[in-house]
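Student: Have a look at the structure that comes next, please.
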Amino acid sequence: MGKLVRILSLALVLTLAVALPGSASAKETIQFYAWSSEQAALYEEVLNLFHSTQDEVQVELTWTPYEEYWTKLQTSIPAGNGPDAFVVSTSRYNIYRDAGGLMENLSPYLERDGLTLDHLDDSILNMIDGDGSIYMIPKDCDSIGLFYNKGIFDAAGEPYPTADWTWDDMFAAAQRLTNPNEGVWGCAISTADDTGYVPYLRSYDGYFVDPDRVTPTATKPVIAERLAIWRQLIRDGVSPDVPTVDEIGGDQLFINGQIALFVDGCWQLAPYYEAMTADVLGLSPVPKGSDHRDSTSGSTGFSISPTSTKKEAAWKFVSFLGTPEAIGVMAKYNLSPYPEYAVGWTENFPGVDAQVLIDAISYSSDPADAESREMCMAFEDAVSRALTTDEDIPTILQDIQAQMEAIINRAN
Amino acid sequence: MRMRNSATRRAARAKPVPAYRKKDWIAAYLFIAPMTLGILVFVLLPIFFSVILSFAKWDGLNLGNLQWVGLQNFRELLTTDVKAGIEFRNTLFYTFISVPLTIAVSCVVSVALVREVKYASVFRCIYYLPNVTMPVAVALVWAWMFNSQYGLIKQLLSYAGIVMPNVLGNPSNLMYMVILVTVWKGIGANMIILIAGLQGIPQEYYESAEIDGADAMARFFKITLPLITPSVFFLTVTGLMSGFKSFDLVYTFAGSGAISTTLVDGVRTMVFGIYKSAFQDMRMGFASAKAIALFAMIMAVTLIQFGAQKRWVHYD
């Protein structure tokens, strides 16, 4: 009997010894989803910082490849076994908000804790503040600029691009810089939306939907006119043809020194800088259209799952990511949507005027939202056909206008 | 000997199989339960759900947003959808070129490798290798080889003074590229089936044919080919099914989103269209309608094949 008591009490002590450390700290563990591991260093630094400032919430990070990321969110959150906090991008933001049940409304939390997003750039705030409610705390943002190869300019004795350039100035310079013997094209026209036709056409007030994004306007004469200019540049050999850009990629051609002028996004600055160095790489604002310039933008940020059982812990983490401390860390890695911090990122690229990409945020808006996404795909067809076939451009646009009207009719 | 005798005796005395006891039935059901449940949950339910979805409009995000639209998805598919025709044409072209080609090449390779030639097993291994590699990895390697600026083939052609055409960026060439990779990838699996069929042909047929003076060609067309028609039939049925459902290669060559829609349209198959509608346009209902249409098509083709097999398949 005495032996049994001793064994039992030993077992009890051992059980307590194992159980106690867990209950004593009362640490809550939350699941945090993000895509790809390109930002691994950023998250590691931010998470270390978060864990060192408090010891109530432990964040467990799960990576998912970008292609599967959204499907995973869309299936796991409604089922209630998804993350507590996750990364979301403006490419899905409106769709998720309108669908409901995928992102927690963060405005009540912000209000309760007396926090604001006033120091956020206005254009980014507008993008995520569609109906007066905020569903994500932005982490970074995008903008576009005109990248150029100084070596090609120097060899041709051409002056570098200036901030006053219009698209026509750019195309004229591209014409002069084209050198088939050296395999050099003046510029590269692609069928991409965010770095292609969207900023180009919008700067001429020639977008395929009206500003309310409800009525298709593909038959505006200026669209046909502008696409015809692009088509001619390809025919004249000033830009490689679409199959070549499709195959090799405009970015690769630019790095190879085969393209003099190339409109691209801020996310390409790091790889270009690394491959070409400040001696060769130049950066200038996107050219103007009729009287203004236009940049496309997007943003990624942090959201909370509405089906999470640990929303307060998740909010503790997500709100931390909106503090100056965390923003400061993240601003070293990506273009920050908080203008006062964005400068931190430009310091990674001495010798290149990365400030133009910060300035571009102020004249940016996103290329398409949920309602116009399908119309966007239809219009992309129009651009592709205009650049790869001999069809009459106004006819193509009429055709696409009819398709877009059908999309709108179906939606209503 | 004793064993066999007693076994024979037991068999002779055997009565009709007694009814299984209840316990046995439970055990039997437990054994098939995992598979049945798996099929039910992961195959039958989704199929059932997509049939239902094909009559609805749904964004795939929130079941509360589901709206019944009747036959509207099918009407759109058959009338206004601009991509449906392209997808249908591409799928037929891809399937009816790649499947017969794969089977023809596999036949030639199998006939060459069925005989005990030196290193036959090494060659069989080599031909089977593409089957055990990832389709995406395979496609990426081919894409690199066929790159018109930096690719291996461009390099080889340049020694002969030939300029490499743009295969990967040109919509009309890209489809042939996809077909080429499909054929190359498909030989191995077909070869296994065909060699098994070839090994089942009795050697005596060839011997007597030879005595009768039949040459190699006659022996192939009069003996070999008719006797492997069951295998060829099997390969045609399964080949057409997977041809109609092709997706992974097309997705790797044209799914990046950074390329022009003209190029994508060059290889856009029906399943690729289903993927686009469902996961890019967020139109689960329309995508389901496309899936049902594809199912009907595969069903029809398969039924036709079974109906026509009497005319050309010899089972003995």
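The chains in the structure tokens are called A, B, ... from first to last as shown; in each chain the residues are counted from 1, and the ligands are counted from 1 in the order shown.
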Using only C-alpha atoms, determine which residues lie at most 7 Å from stretch 312-329 of chain A, disregarding the query and same-chain residues fewer than 4 positions distant; provide the list as a PyMOL selection string.
Tutor: chain A and resi 30+46+57+84-85+137+302+304+341
Student: Looking only at alpha helix (DSSP H) from DSSP on the backbone, list the matching residues of stretch 52-144 of chain A as a VMD selection string.
Tutor: chain A and resid 52 to 53 66 to 79 90 to 99 107 to 112 122 to 128
Student: Could you give me, as CSV, a per-residue list for chain A showing, wherever an atom lies at most 8 Å from an atom of chain B, the closest pair of atoms and their distance in Å to one decimal, using only C-alpha atoms and sorting by chain then residue number from low to high?
Tutor:
residue,atom,partner,partner_atom,distance
A:Gln74,CA,B:Leu61,CA,5.9
A:Thr75,CA,B:Leu61,CA,7.7
A:Pro78,CA,B:Asn62,CA,7.4
A:Tyr96,CA,B:Leu61,CA,7.6
A:Ala99,CA,B:Asn62,CA,6.1
A:Gly100,CA,B:Asn62,CA,6.9
A:Gly101,CA,B:Asn62,CA,6.9
A:Leu102,CA,B:Leu61,CA,7.9
A:Ser190,CA,B:Ser260,CA,7.7
A:Thr191,CA,B:Ser260,CA,5.4
A:Ala192,CA,B:Ala258,CA,6.4
A:Val242,CA,B:Ser260,CA,7.3
A:Pro243,CA,B:Gly169,CA,4.1
A:Thr244,CA,B:Gly169,CA,5.9
A:Val245,CA,B:Gly169,CA,7.6
A:Asp246,CA,B:Ile259,CA,5.1
A:Glu247,CA,B:Gly169,CA,4.4
A:Ile248,CA,B:Asn147,CA,7.8
A:Arg373,CA,B:Asp281,CA,7.3
A:Glu374,CA,B:Asp281,CA,6.3
A:Glu380,CA,B:Thr261,CA,6.8
A:Asp381,CA,B:Thr261,CA,5.7
A:Ser384,CA,B:Thr262,CA,5.8
A:Arg385,CA,B:Thr262,CA,6.8
A:Thr388,CA,B:Thr262,CA,7.5
Student: With N, CA and C atoms retained, could you export that selection as an mmCIF file, in the first residue's frame?
Tutor:
data_model
loop_
_atom_site.group_PDB
_atom_site.id
_atom_site.type_symbol
_atom_site.label_atom_id
_atom_site.label_comp_id
_atom_site.auth_asym_id
_atom_site.auth_seq_id
_atom_site.Cartn_x
_atom_site.Cartn_y
_atom_site.Cartn_z
ATOM 1 N N GLN A 74 -9.347 30.655 -48.998
ATOM 2 C CA GLN A 74 -10.774 30.642 -49.307
ATOM 3 C C GLN A 74 -11.472 29.389 -48.787
ATOM 4 N N THR A 75 -10.728 28.291 -48.690
ATOM 5 C CA THR A 75 -11.368 27.075 -48.216
ATOM 6 C C THR A 75 -11.230 26.931 -46.703
ATOM 7 N N PRO A 78 -13.591 29.871 -44.242
ATOM 8 C CA PRO A 78 -15.006 29.577 -43.999
ATOM 9 C C PRO A 78 -15.197 28.291 -43.189
ATOM 10 N N TYR A 96 -12.720 39.779 -51.603
ATOM 11 C CA TYR A 96 -12.943 39.154 -50.295
ATOM 12 C C TYR A 96 -13.904 39.991 -49.450
ATOM 13 N N ALA A 99 -17.387 39.546 -50.822
ATOM 14 C CA ALA A 99 -17.934 38.205 -50.585
ATOM 15 C C ALA A 99 -18.362 38.064 -49.132
ATOM 16 N N GLY A 100 -17.636 38.702 -48.247
ATOM 17 C CA GLY A 100 -17.961 38.614 -46.825
ATOM 18 C C GLY A 100 -17.451 37.326 -46.210
ATOM 19 N N GLY A 101 -17.184 37.372 -44.900
ATOM 20 C CA GLY A 101 -16.809 36.153 -44.189
ATOM 21 C C GLY A 101 -15.372 35.723 -44.347
ATOM 22 N N LEU A 102 -14.538 36.535 -45.002
ATOM 23 C CA LEU A 102 -13.147 36.129 -45.185
ATOM 24 C C LEU A 102 -12.154 37.035 -44.462
ATOM 25 N N SER A 190 4.553 45.525 -73.827
ATOM 26 C CA SER A 190 4.021 44.230 -73.421
ATOM 27 C C SER A 190 2.512 44.346 -73.274
ATOM 28 N N THR A 191 1.861 43.206 -73.155
ATOM 29 C CA THR A 191 0.412 43.219 -73.004
ATOM 30 C C THR A 191 0.011 43.221 -71.528
ATOM 31 N N ALA A 192 0.990 43.455 -70.649
ATOM 32 C CA ALA A 192 0.683 43.489 -69.214
ATOM 33 C C ALA A 192 -0.269 44.636 -68.910
ATOM 34 N N VAL A 242 5.359 40.886 -79.762
ATOM 35 C CA VAL A 242 4.760 40.270 -78.569
ATOM 36 C C VAL A 242 5.283 38.842 -78.335
ATOM 37 N N PRO A 243 5.394 37.985 -79.379
ATOM 38 C CA PRO A 243 5.933 36.645 -79.115
ATOM 39 C C PRO A 243 7.313 36.670 -78.455
ATOM 40 N N THR A 244 8.165 37.604 -78.864
ATOM 41 C CA THR A 244 9.493 37.670 -78.255
ATOM 42 C C THR A 244 9.400 38.071 -76.787
ATOM 43 N N VAL A 245 8.569 39.087 -76.504
ATOM 44 C CA VAL A 245 8.405 39.510 -75.107
ATOM 45 C C VAL A 245 7.762 38.381 -74.293
ATOM 46 N N ASP A 246 6.789 37.684 -74.913
ATOM 47 C CA ASP A 246 6.146 36.559 -74.226
ATOM 48 C C ASP A 246 7.156 35.475 -73.890
ATOM 49 N N GLU A 247 8.054 35.216 -74.848
ATOM 50 C CA GLU A 247 8.971 34.108 -74.647
ATOM 51 C C GLU A 247 10.073 34.453 -73.651
ATOM 52 N N ILE A 248 10.748 35.569 -73.897
ATOM 53 C CA ILE A 248 11.926 35.890 -73.085
ATOM 54 C C ILE A 248 11.524 36.662 -71.834
ATOM 55 N N ARG A 373 -12.874 43.055 -63.105
ATOM 56 C CA ARG A 373 -11.828 42.083 -63.385
ATOM 57 C C ARG A 373 -12.075 41.338 -64.698
ATOM 58 N N GLU A 374 -13.306 40.884 -64.869
ATOM 59 C CA GLU A 374 -13.617 40.153 -66.093
ATOM 60 C C GLU A 374 -13.537 41.052 -67.317
ATOM 61 N N GLU A 380 -7.863 42.972 -72.163
ATOM 62 C CA GLU A 380 -6.522 42.449 -72.423
ATOM 63 C C GLU A 380 -6.495 41.731 -73.770
ATOM 64 N N ASP A 381 -7.601 41.048 -74.097
ATOM 65 C CA ASP A 381 -7.736 40.421 -75.410
ATOM 66 C C ASP A 381 -7.627 41.455 -76.521
ATOM 67 N N SER A 384 -4.034 42.505 -76.905
ATOM 68 C CA SER A 384 -3.281 41.432 -77.551
ATOM 69 C C SER A 384 -3.569 41.375 -79.040
ATOM 70 N N ARG A 385 -4.856 41.479 -79.376
ATOM 71 C CA ARG A 385 -5.209 41.406 -80.799
ATOM 72 C C ARG A 385 -4.665 42.609 -81.552
ATOM 73 N N THR A 388 -0.879 41.934 -82.027
ATOM 74 C CA THR A 388 -0.368 40.725 -82.688
ATOM 75 C C THR A 388 -1.036 40.429 -84.025
#
Student: Closest to A:Val209 among A:Ile223, A:Ile229, A:Ile255, A:Ser89, using only C-alpha atoms?
Tutor: A:Ile223
Student: Extract, using only C-alpha atoms, all DNA, RNA and protein residues at most 6 Å from A:Ile361, discarding same-chain residues fewer than 3 positions from it, and format them as an MDAnalysis selection string.
Tutor: chainID A and resid 143 358 364
Student: Skip stretch 198-211 of chain B itself and residues of its chain fewer than 4 positions away, then list as a PyMOL selection string all residues within 12 Å of it, counting only C-alpha atoms.
Tutor: chain B and resi 107-116+191-194+215-232+315-316
Student: Nearest to B:Gln305: which of B:Trp25, B:Phe233, B:Phe244, B:Phe49 is it, counting only C-alpha atoms?
Tutor: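 Of the candidates, the smallest distance to B:Gln305 is held by B:Phe233.
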Student: Please measure the separation of atom CA of A:Tyr333 and atom CA of A:Asp142, giving the value in Å to one decimal.
Tutor: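 Computed distance, atom CA of A:Tyr333 to atom CA of A:Asp142, equals 12.6 Å.
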Student: Neighbours of A:Trp167 within 7 Å (only C-alpha atoms; same-chain residues fewer than 6 positions away dropped), as a ChimeraX atom specification?
Tutor: /A:287-289
Student: So which residues touch stretch 349-355 of chain A within 10 Å, counting only C-alpha atoms, skipping near sequence neighbours fewer than 4 positions away, as a list in words?
Tutor: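 Non-adjacent residues within range: Gly145, Cys266, Leu269, Ala270, Tyr273, Glu274, Thr277, Ala278, Asp279, Val280, Leu281, Gly282, Leu283, Ser284, Pro285, Leu335, Ala342, Val343, Trp345, Asp359 and Ala360 of chain A.
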Student: Kindly give the distance, in Å, that separates atom CA of B:Tyr127 and atom CA of B:Ile187, rounded to a single decimal.
Tutor: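 Result for atom CA of B:Tyr127 versus atom CA of B:Ile187: 6.7 Å, one decimal.
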Student: Using only C-alpha atoms, which protein or nucleic acid residues come within 12 Å of A:Tyr197? Drop anything in the same chain fewer than 4 positions from it, and give the result as a ChimeraX atom specification.
Tutor: /A:167,189-193,201-208,223-224,226-227,230,263-264,289,294-296,367,376,379-384,386-387
Student: With distances taken over only C-alpha atoms, which residue among A:Pro211, A:Gly183, A:Gly130, A:Gly265 lies nearest A:Leu253?
Tutor: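 Closest to A:Leu253 of all the choices is A:Gly183.
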Student: Do you have the atom CA of B:Tyr128-atom CA of B:Leu249 distance handy?
Tutor: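 Between atom CA of B:Tyr128 and atom CA of B:Leu249 the gap is 18.0 Å.
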Student: Which one is closest to B:Asp248: B:Ala137, B:Ala28, B:Ala120, B:Met35? Count only C-alpha atoms.
Tutor: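 Nearest candidate to B:Asp248 out of B:Ala137, B:Ala28, B:Ala120, B:Met35: B:Ala137.
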